[in-house]
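Just below is one structure, and these are the notes that go with it.
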Amino acid sequence: MPVSQADIDLAKRLADAAGAAIRPYFRAEHGLEAKDDSSPVTLADKAAEAAMRRLIIAERPMDAIIGEEEEDRAGTSGRTWVLDPIDGTRSFIVGRPIFGTLIALLEDGWPVLGIIDQPVIGERWLGVTGRETLFNGKPAHARTCRELSKALLATTSPALFTDDQLHAFEHVDAAVMSTVLGGDCYNYGLVASGHLDLVIEAGLKLHDFAALVPVVEGAGGRMCDWQGDPLHAGSNGEVIAAGDPARIEEIVEALACRGH
């Protein structure tokens, strides 16, 4: 089923609802707790996901829901909404406005719609399969990168890589012009808008990357796993985002050097 205007409108309203839930907690008392995996969670994470779930259940009761903070909800439509209320909670809790709300719609496990929403500074990327990515309503375009040696690379933290993954990442890090750390989902918006060339990460879950795929690819970039294969619900969480698809092959080749 193609993405309809009603799907897009619902996704925007989900982002609006999440933002309204998040903003009162930003640089305020946010009720920080540690989850079972030691990652942080706040009242804002929980309130934003709950607000989005209420809308989906009311308007698309046959659709499945996968979120970061609550149990998965089964569906019968073949469509799944994938929600990450605050991607970059560590940035959120220290008052850095480079986190984002991620909203994806999957058809049979493949991302077909994605939103990256930064609710504090009012920035929103909207990607839909087969359409141009929009940044605050205007077309976004990734940039050409003629040589890997001229590329600007980002990753959230080297600490999130295993030893083998870090060794592989260092091959790319050594080949590019500069590498910036931190940023979570915000980096992928910057790729879509032509400010960054590459993002390489590992250990991501579906809610971390599903929304990013339509955003980056609708801006002319490409997202794939470390083997160069398209990302879907079964992907292992090793992710490449490249503003210029022509650089993918050499990045994949460099990342193949694990433990060598």
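If you're wondering about the labels, chains in the structure tokens are A, B, ... by order shown, residues count from 1 in each chain, ligands from 1 in order shown.
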Practice prompt. Would you return as a ChimeraX atom specification the members of segment 90-244 of chain A that DSSP assigns to strand (DSSP E) on this structure's backbone?
Written response: /A:100-107,110-118,123-128,134-135,138-139,152-155,178-181,198-201,222-224,239-242
How would the residues just chosen look if you wrote them out with N, CA and C atoms as a CSV table (one decimal), in the first residue's frame?
```
chain,number,residue,atom,x,y,z
A,100,GLY,N,16.3,13.9,19.1
A,100,GLY,CA,15.2,14.0,18.2
A,100,GLY,C,14.2,12.9,18.5
A,101,THR,N,13.0,13.2,18.0
A,101,THR,CA,11.9,12.2,18.0
A,101,THR,C,11.9,11.5,16.7
A,102,LEU,N,11.9,10.1,16.7
A,102,LEU,CA,11.9,9.4,15.4
A,102,LEU,C,10.6,8.6,15.3
A,103,ILE,N,10.0,8.8,14.1
A,103,ILE,CA,8.8,8.2,13.8
A,103,ILE,C,8.9,7.5,12.4
A,104,ALA,N,8.7,6.2,12.3
A,104,ALA,CA,8.8,5.5,11.0
A,104,ALA,C,7.5,4.7,10.8
A,105,LEU,N,7.2,4.5,9.5
A,105,LEU,CA,6.1,3.6,9.1
A,105,LEU,C,6.8,2.6,8.2
A,106,LEU,N,6.6,1.3,8.6
A,106,LEU,CA,7.1,0.2,7.9
A,106,LEU,C,6.0,-0.6,7.2
A,107,GLU,N,6.2,-1.0,5.9
A,107,GLU,CA,5.3,-1.8,5.2
A,107,GLU,C,6.0,-3.2,5.0
A,110,TRP,N,9.7,-2.9,5.8
A,110,TRP,CA,10.6,-2.0,5.1
A,110,TRP,C,10.1,-0.6,5.4
A,111,PRO,N,11.1,0.3,5.7
A,111,PRO,CA,10.7,1.7,6.0
A,111,PRO,C,10.3,2.4,4.8
A,112,VAL,N,9.1,3.0,4.9
A,112,VAL,CA,8.5,3.8,3.8
A,112,VAL,C,8.3,5.3,4.1
A,113,LEU,N,8.3,5.6,5.4
A,113,LEU,CA,8.1,7.0,5.9
A,113,LEU,C,8.9,7.2,7.1
A,114,GLY,N,9.5,8.3,7.2
A,114,GLY,CA,10.3,8.6,8.4
A,114,GLY,C,10.3,10.1,8.7
A,115,ILE,N,10.3,10.4,10.0
A,115,ILE,CA,10.4,11.8,10.5
A,115,ILE,C,11.5,11.8,11.6
A,116,ILE,N,12.4,12.8,11.4
A,116,ILE,CA,13.3,13.2,12.5
A,116,ILE,C,12.8,14.6,12.9
A,117,ASP,N,12.4,14.7,14.2
A,117,ASP,CA,11.9,15.9,14.7
A,117,ASP,C,12.7,16.4,15.9
A,118,GLN,N,13.2,17.6,15.8
A,118,GLN,CA,13.8,18.3,16.9
A,118,GLN,C,12.9,19.3,17.5
A,123,GLU,N,13.1,21.9,14.2
A,123,GLU,CA,13.6,21.4,13.0
A,123,GLU,C,13.0,20.0,12.7
A,124,ARG,N,12.5,19.8,11.5
A,124,ARG,CA,11.8,18.5,11.2
A,124,ARG,C,12.2,18.1,9.7
A,125,TRP,N,12.7,16.9,9.7
A,125,TRP,CA,12.9,16.2,8.4
A,125,TRP,C,11.9,15.2,8.1
A,126,LEU,N,11.3,15.2,7.0
A,126,LEU,CA,10.2,14.2,6.6
A,126,LEU,C,10.6,13.5,5.3
A,127,GLY,N,10.8,12.2,5.4
A,127,GLY,CA,11.1,11.4,4.2
A,127,GLY,C,10.0,10.4,3.9
A,128,VAL,N,9.7,10.3,2.6
A,128,VAL,CA,8.7,9.3,2.2
A,128,VAL,C,9.3,8.6,0.9
A,134,LEU,N,11.8,16.5,2.9
A,134,LEU,CA,11.5,17.9,3.2
A,134,LEU,C,12.1,18.3,4.5
A,135,PHE,N,12.8,19.4,4.6
A,135,PHE,CA,13.3,20.0,5.9
A,135,PHE,C,12.5,21.2,6.1
A,138,LYS,N,10.6,22.4,3.0
A,138,LYS,CA,11.4,22.7,1.8
A,138,LYS,C,12.3,21.5,1.5
A,139,PRO,N,12.5,21.3,0.2
A,139,PRO,CA,13.4,20.1,-0.2
A,139,PRO,C,14.8,20.2,0.4
A,152,LEU,N,33.4,14.4,5.7
A,152,LEU,CA,33.1,14.7,7.1
A,152,LEU,C,32.3,13.6,7.7
A,153,LEU,N,32.8,12.9,8.7
A,153,LEU,CA,32.2,11.7,9.2
A,153,LEU,C,31.7,12.0,10.7
A,154,ALA,N,30.6,11.3,11.0
A,154,ALA,CA,30.1,11.4,12.4
A,154,ALA,C,29.7,10.0,12.9
A,155,THR,N,29.9,9.9,14.2
A,155,THR,CA,29.3,8.7,15.0
A,155,THR,C,29.0,9.2,16.4
A,178,SER,N,37.7,14.6,8.6
A,178,SER,CA,37.4,14.9,10.0
A,178,SER,C,36.3,14.1,10.5
A,179,THR,N,36.3,13.8,11.8
A,179,THR,CA,35.3,13.0,12.4
A,179,THR,C,34.7,13.7,13.6
A,180,VAL,N,33.4,13.8,13.7
A,180,VAL,CA,32.8,14.5,14.9
A,180,VAL,C,32.0,13.4,15.7
A,181,LEU,N,32.0,13.5,17.0
A,181,LEU,CA,31.4,12.6,17.9
A,181,LEU,C,30.1,13.2,18.5
A,198,LEU,N,29.0,11.5,6.0
A,198,LEU,CA,28.8,10.1,6.4
A,198,LEU,C,28.5,10.0,7.9
A,199,VAL,N,27.7,8.9,8.2
A,199,VAL,CA,27.5,8.5,9.6
A,199,VAL,C,27.7,7.0,9.6
A,200,ILE,N,28.5,6.5,10.5
A,200,ILE,CA,28.7,5.1,10.7
A,200,ILE,C,28.4,4.7,12.1
A,201,GLU,N,27.5,3.7,12.3
A,201,GLU,CA,27.2,3.3,13.7
A,201,GLU,C,26.9,1.8,13.8
A,222,ARG,N,22.2,7.5,0.7
A,222,ARG,CA,21.9,6.1,0.8
A,222,ARG,C,22.2,5.6,2.2
A,223,MET,N,21.3,4.7,2.6
A,223,MET,CA,21.6,4.0,3.9
A,223,MET,C,21.6,2.5,3.7
A,224,CYS,N,22.5,1.8,4.4
A,224,CYS,CA,22.7,0.4,4.2
A,224,CYS,C,23.4,-0.2,5.5
A,239,VAL,N,25.1,0.3,10.7
A,239,VAL,CA,24.5,1.2,9.8
A,239,VAL,C,25.5,2.2,9.2
A,240,ILE,N,25.3,2.4,7.9
A,240,ILE,CA,26.0,3.4,7.2
A,240,ILE,C,25.0,4.4,6.6
A,241,ALA,N,25.3,5.7,6.7
A,241,ALA,CA,24.5,6.7,6.0
A,241,ALA,C,25.5,7.5,5.2
A,242,ALA,N,25.3,7.6,3.9
A,242,ALA,CA,26.2,8.4,3.0
A,242,ALA,C,25.4,9.4,2.2
```
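Look at Glu49 of chain A: the protein and nucleic acid residues within 7 Å of it, using only C-alpha atoms and passing over chain neighbours fewer than 4 places away, are Ala18, Asp45, Arg53 and Pro85 of chain A.
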Could those residues be written to a file, using N, CA, C and O atoms, as a PDB file, in the first residue's frame?
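Wrote it out as again.pdb, contents follow:
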```pdb
ATOM      1  N   ALA A  18       4.409  14.403  20.340  1.00  0.00           N
ATOM      2  CA  ALA A  18       5.628  14.085  21.083  1.00  0.00           C
ATOM      3  C   ALA A  18       6.333  15.355  21.532  1.00  0.00           C
ATOM      4  O   ALA A  18       6.774  15.469  22.686  1.00  0.00           O
ATOM      5  N   ASP A  45      10.571  10.926  27.793  1.00  0.00           N
ATOM      6  CA  ASP A  45      10.530   9.754  26.907  1.00  0.00           C
ATOM      7  C   ASP A  45       9.183   9.047  27.019  1.00  0.00           C
ATOM      8  O   ASP A  45       8.538   8.714  26.016  1.00  0.00           O
ATOM      9  N   ARG A  53       1.364   6.779  20.911  1.00  0.00           N
ATOM     10  CA  ARG A  53       0.611   5.524  20.880  1.00  0.00           C
ATOM     11  C   ARG A  53      -0.897   5.768  20.934  1.00  0.00           C
ATOM     12  O   ARG A  53      -1.667   5.094  20.242  1.00  0.00           O
ATOM     13  N   PRO A  85      10.790   8.010  21.114  1.00  0.00           N
ATOM     14  CA  PRO A  85      10.337   9.338  21.555  1.00  0.00           C
ATOM     15  C   PRO A  85      11.472  10.336  21.728  1.00  0.00           C
ATOM     16  O   PRO A  85      11.320  11.508  21.377  1.00  0.00           O
TER      17      PRO A  85
END
```
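Take the candidates A:Thr80, A:Ser91, A:Thr133, A:Ser157 and check each one against Gly220 of chain A using only C-alpha atoms; the shortest distance goes to A:Thr133.
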Fill in: Contact residues around segment 226-238 of chain A with only C-alpha atoms at 12 Å, ignoring same-chain residues under 2 positions, as number ranges by chain
A: 66, 79-82, 104-112, 155, 160-162, 165-166, 168-169, 172, 199-214, 217, 222-224, 240-242, 245-258
